[in-house]
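Have a look at input_9.cif below; it lists mmCIF, C-alpha atoms.
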data_structure
#
loop_
_atom_site.group_PDB
_atom_site.id
_atom_site.type_symbol
_atom_site.label_atom_id
_atom_site.label_comp_id
_atom_site.auth_asym_id
_atom_site.auth_seq_id
_atom_site.Cartn_x
_atom_site.Cartn_y
_atom_site.Cartn_z
ATOM 1 C CA MET A 46 -101.981 19.881 132.708
ATOM 2 C CA LEU A 47 -102.926 23.546 132.505
ATOM 3 C CA THR A 48 -101.441 25.702 129.754
ATOM 4 C CA TRP A 49 -101.306 29.453 129.157
ATOM 5 C CA LYS A 50 -104.386 29.117 126.927
ATOM 6 C CA ASP A 51 -106.310 27.548 129.845
ATOM 7 C CA VAL A 52 -105.203 30.349 132.181
ATOM 8 C CA ILE A 53 -106.370 33.023 129.726
ATOM 9 C CA ASN A 54 -109.681 31.214 129.187
ATOM 10 C CA PHE A 55 -110.309 31.055 132.948
ATOM 11 C CA SER A 56 -109.458 34.765 133.362
ATOM 12 C CA VAL A 57 -111.833 35.748 130.535
ATOM 13 C CA LYS A 58 -114.648 33.186 130.617
ATOM 14 C CA GLY A 59 -114.810 32.298 134.325
ATOM 15 C CA ASN A 60 -113.012 30.105 136.806
ATOM 16 C CA PRO A 61 -113.707 26.518 137.859
ATOM 17 C CA GLU A 62 -115.888 26.065 140.937
ATOM 18 C CA PRO A 63 -113.882 25.548 144.144
ATOM 19 C CA ASP A 64 -114.484 22.487 146.318
ATOM 20 C CA ARG A 65 -115.592 24.810 149.138
ATOM 21 C CA ARG A 66 -115.774 28.514 149.985
ATOM 22 C CA VAL A 67 -114.398 30.356 153.016
ATOM 23 C CA GLU A 68 -115.612 33.899 153.602
ATOM 24 C CA LYS A 69 -114.728 36.151 156.533
ATOM 25 C CA THR A 70 -115.026 39.817 157.349
ATOM 26 C CA GLU A 71 -112.018 42.099 157.112
ATOM 27 C CA ALA A 72 -111.876 42.166 160.926
ATOM 28 C CA GLU A 73 -111.860 38.351 161.090
ATOM 29 C CA TRP A 74 -108.996 38.155 158.547
ATOM 30 C CA LYS A 75 -107.021 40.787 160.501
ATOM 31 C CA GLU A 76 -107.406 38.703 163.648
ATOM 32 C CA LEU A 77 -106.119 35.545 161.932
ATOM 33 C CA LEU A 78 -103.232 36.956 159.897
ATOM 34 C CA THR A 79 -100.045 38.869 160.581
ATOM 35 C CA PRO A 80 -100.068 42.463 159.282
ATOM 36 C CA GLU A 81 -97.832 41.442 156.343
ATOM 37 C CA GLN A 82 -99.968 38.403 155.490
ATOM 38 C CA PHE A 83 -103.061 40.620 155.587
ATOM 39 C CA ARG A 84 -101.431 43.267 153.362
ATOM 40 C CA ILE A 85 -100.464 40.689 150.750
ATOM 41 C CA THR A 86 -103.448 38.326 150.775
ATOM 42 C CA ARG A 87 -106.356 40.658 151.447
ATOM 43 C CA LEU A 88 -105.012 43.962 150.020
ATOM 44 C CA LYS A 89 -103.207 42.417 147.008
ATOM 45 C CA GLY A 90 -99.734 43.418 148.122
ATOM 46 C CA THR A 91 -96.384 42.000 147.036
ATOM 47 C CA GLU A 92 -93.380 41.143 149.154
ATOM 48 C CA MET A 93 -89.936 42.331 148.072
ATOM 49 C CA ALA A 94 -88.062 39.976 145.759
ATOM 50 C CA HIS A 95 -85.804 37.463 147.533
ATOM 51 C CA SER A 96 -87.270 38.383 150.936
ATOM 52 C CA GLY A 97 -89.693 35.488 151.436
ATOM 53 C CA ALA A 98 -88.865 32.619 153.768
ATOM 54 C CA LEU A 99 -90.133 30.002 151.296
ATOM 55 C CA CYS A 100 -88.156 31.290 148.322
ATOM 56 C CA SER A 101 -85.245 28.855 148.700
ATOM 57 C CA ILE A 102 -86.899 25.990 150.591
ATOM 58 C CA TYR A 103 -87.520 22.804 148.606
ATOM 59 C CA ASP A 104 -88.678 20.412 151.343
ATOM 60 C CA ALA A 105 -91.264 17.798 150.386
ATOM 61 C CA GLY A 106 -94.847 18.774 151.144
ATOM 62 C CA LYS A 107 -97.800 20.874 150.138
ATOM 63 C CA TYR A 108 -98.059 24.643 149.990
ATOM 64 C CA ASN A 109 -101.379 25.709 151.496
ATOM 65 C CA CYS A 110 -103.148 29.054 151.492
ATOM 66 C CA VAL A 111 -102.149 30.941 154.642
ATOM 67 C CA CYS A 112 -105.724 32.203 155.025
ATOM 68 C CA CYS A 113 -107.868 29.067 154.664
ATOM 69 C CA ASP A 114 -105.341 26.177 154.598
ATOM 70 C CA THR A 115 -106.476 24.965 151.152
ATOM 71 C CA PRO A 116 -103.684 23.048 149.363
ATOM 72 C CA LEU A 117 -102.592 25.123 146.351
ATOM 73 C CA PHE A 118 -99.228 23.762 145.180
ATOM 74 C CA ASP A 119 -97.088 20.660 145.691
ATOM 75 C CA SER A 120 -93.340 20.712 146.322
ATOM 76 C CA THR A 121 -92.806 18.412 143.311
ATOM 77 C CA ILE A 122 -93.786 21.275 140.971
ATOM 78 C CA LYS A 123 -91.724 23.990 142.694
ATOM 79 C CA TYR A 124 -88.613 25.189 140.911
ATOM 80 C CA ASP A 125 -85.965 27.917 141.102
ATOM 81 C CA SER A 126 -87.017 30.585 138.614
ATOM 82 C CA SER A 127 -84.476 33.111 139.958
ATOM 83 C CA SER A 128 -87.368 35.597 140.076
ATOM 84 C CA GLY A 129 -87.146 36.196 143.827
ATOM 85 C CA TRP A 130 -90.435 34.482 144.687
ATOM 86 C CA PRO A 131 -91.433 30.840 145.137
ATOM 87 C CA SER A 132 -92.324 29.503 141.687
ATOM 88 C CA PHE A 133 -94.475 26.576 140.610
ATOM 89 C CA THR A 134 -95.452 25.097 137.241
ATOM 90 C CA GLN A 135 -99.014 23.970 138.102
ATOM 91 C CA PRO A 136 -101.570 24.243 140.887
ATOM 92 C CA ILE A 137 -102.205 21.107 142.930
ATOM 93 C CA LYS A 138 -105.712 20.873 141.364
ATOM 94 C CA GLU A 139 -107.271 22.712 138.437
ATOM 95 C CA ASN A 140 -109.867 24.365 140.689
ATOM 96 C CA ALA A 141 -107.444 25.407 143.481
ATOM 97 C CA ILE A 142 -106.580 28.721 141.816
ATOM 98 C CA LYS A 143 -108.742 31.593 140.554
ATOM 99 C CA TYR A 144 -107.430 33.670 137.630
ATOM 100 C CA ILE A 145 -108.105 37.404 137.274
ATOM 101 C CA LYS A 146 -106.946 39.678 134.447
ATOM 102 C CA ASP A 147 -104.756 42.382 136.032
ATOM 103 C CA SER A 148 -104.110 45.589 134.076
ATOM 104 C CA SER A 149 -102.449 47.520 136.918
ATOM 105 C CA PHE A 150 -99.016 49.148 136.613
ATOM 106 C CA GLY A 151 -99.398 49.698 132.850
ATOM 107 C CA MET A 152 -99.163 46.025 131.899
ATOM 108 C CA VAL A 153 -101.491 43.081 131.445
ATOM 109 C CA ARG A 154 -100.877 40.129 133.761
ATOM 110 C CA VAL A 155 -102.930 37.331 135.279
ATOM 111 C CA GLU A 156 -103.379 37.536 139.036
ATOM 112 C CA VAL A 157 -103.787 34.262 140.917
ATOM 113 C CA LEU A 158 -106.002 33.950 143.993
ATOM 114 C CA CYS A 159 -106.902 31.078 146.261
ATOM 115 C CA ASN A 160 -110.169 29.888 144.717
ATOM 116 C CA THR A 161 -111.515 28.988 148.180
ATOM 117 C CA CYS A 162 -111.111 32.341 149.987
ATOM 118 C CA ASP A 163 -109.954 34.818 147.300
ATOM 119 C CA ALA A 164 -106.586 35.420 148.976
ATOM 120 C CA HIS A 165 -104.119 37.101 146.607
ATOM 121 C CA GLN A 166 -101.241 34.703 145.910
ATOM 122 C CA GLY A 167 -99.293 36.417 143.135
ATOM 123 C CA HIS A 168 -99.320 36.147 139.333
ATOM 124 C CA VAL A 169 -98.861 33.519 136.631
ATOM 125 C CA PHE A 170 -96.694 34.059 133.562
ATOM 126 C CA PRO A 171 -96.145 32.095 130.326
ATOM 127 C CA ASP A 172 -92.343 31.941 130.752
ATOM 128 C CA GLY A 173 -91.990 28.800 132.879
ATOM 129 C CA PRO A 174 -90.328 25.494 132.043
ATOM 130 C CA GLU A 175 -91.802 22.862 129.755
ATOM 131 C CA PRO A 176 -94.060 21.011 129.497
ATOM 132 C CA SER A 177 -96.633 23.567 130.789
ATOM 133 C CA GLY A 178 -94.606 26.726 130.171
ATOM 134 C CA LEU A 179 -96.231 28.275 133.264
ATOM 135 C CA ARG A 180 -94.564 30.128 136.132
ATOM 136 C CA TYR A 181 -96.791 30.722 139.138
ATOM 137 C CA CYS A 182 -94.913 33.501 140.961
ATOM 138 C CA ILE A 183 -96.230 33.318 144.537
ATOM 139 C CA ASN A 184 -95.670 35.457 147.640
ATOM 140 C CA SER A 185 -94.134 33.499 150.542
ATOM 141 C CA GLU A 186 -96.431 35.355 152.937
ATOM 142 C CA SER A 187 -99.536 34.008 151.173
ATOM 143 C CA ILE A 188 -98.646 30.313 151.568
ATOM 144 C CA LYS A 189 -97.424 27.950 154.258
ATOM 145 C CA LEU A 190 -95.515 24.725 153.753
ATOM 146 C CA GLU A 191 -97.115 21.609 155.189
ATOM 147 C CA ARG A 192 -94.051 19.395 155.230
ATOM 148 C CA LYS A 193 -94.406 15.751 154.266
ATOM 149 C CA ASP A 194 -93.420 13.509 157.157
ATOM 150 C CA ASN A 195 -91.011 11.007 155.632
ATOM 151 C CA ASP A 196 -90.934 8.910 158.794
ATOM 152 C CA LYS A 197 -94.487 7.590 158.445
#
Whole structure given in structure tokens:
Amino acid sequence: MLTWKDVINFSVKGNPEPDRRVEKTEAEWKELLTPEQFRITRLKGTEMAHSGALCSIYDAGKYNCVCCDTPLFDSTIKYDSSSGWPSFTQPIKENAIKYIKDSSFGMVRVEVLCNTCDAHQGHVFPDGPEPSGLRYCINSESIKLERKDNDK
């Protein structure tokens, strides 16, 4: 289980190697994504609080990167943080997420990216529930829910 100390270490000393890499040109990303998905994932934007479609959905499944379809989070670690964005306590795998120190807007935060394609996902904070204490605050536009089919 990742802790805040692990997150800080990754952001300072380097991230784990991803299982694979996906790289595209800006034009290729624009062709694949909606304008809002492109703004958030490729230009490091943020959607308005409480505006995302996945904010209040808790269906079973995996949350994949909207850009490259890499699984990033599982529904079993999603929770209601009341922050206005989908929130998770852990990534699906240690090497699914890349951590970048973010000093924009006069504060120090840790930005989280898809480690496969560098798509901006949101930020991680040390104010989540136990046992990890982490809150991955993720933009709905940067992920898609791959629902678990309970009938199989």
List as a VMD selection string the protein and nucleic acid residues near range 151-167 of chain A, meaning an atom at most 8 Å away when all atoms listed in the file are counted, but skip any in the same chain fewer than 6 places from it. chain A and resid 52 to 53 56 62 to 68 85 to 91 110 112 to 113 115 117 140 to 145 181 to 184 187 to 188
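Among A:Asn109, A:Ser120, A:Ser149, A:Thr48, the residue with the shortest atom-to-atom distance to Glu186 in chain A, counting all atoms listed in the file, is A:Asn109.
Residue neighbourhood of Gly106 in chain A, excluding near-sequence residues (fewer than 6 positions): Pro116, Leu117, Phe118, Asp119, Ser120, Thr121, Ile122, Lys123, Ile137, Lys189, Leu190, Glu191, Arg192, Lys193, Asp194 and Asn195 of chain A, at 12 Å, using all atoms listed in the file.
Evaluating the PyMOL selection byres ((chain A and resi 171) around 9) against the shown model yields A:Thr48, A:Trp49, A:Val169, A:Phe170, A:Asp172, A:Gly173, A:Pro174, A:Ser177, A:Gly178, A:Leu179, A:Arg180, A:Tyr181.
The nearest approach to Ser126 in chain A among the residues A:Val111, A:Ser148, A:Lys75, A:His95, with only C-alpha atoms taken into account, belongs to A:His95.
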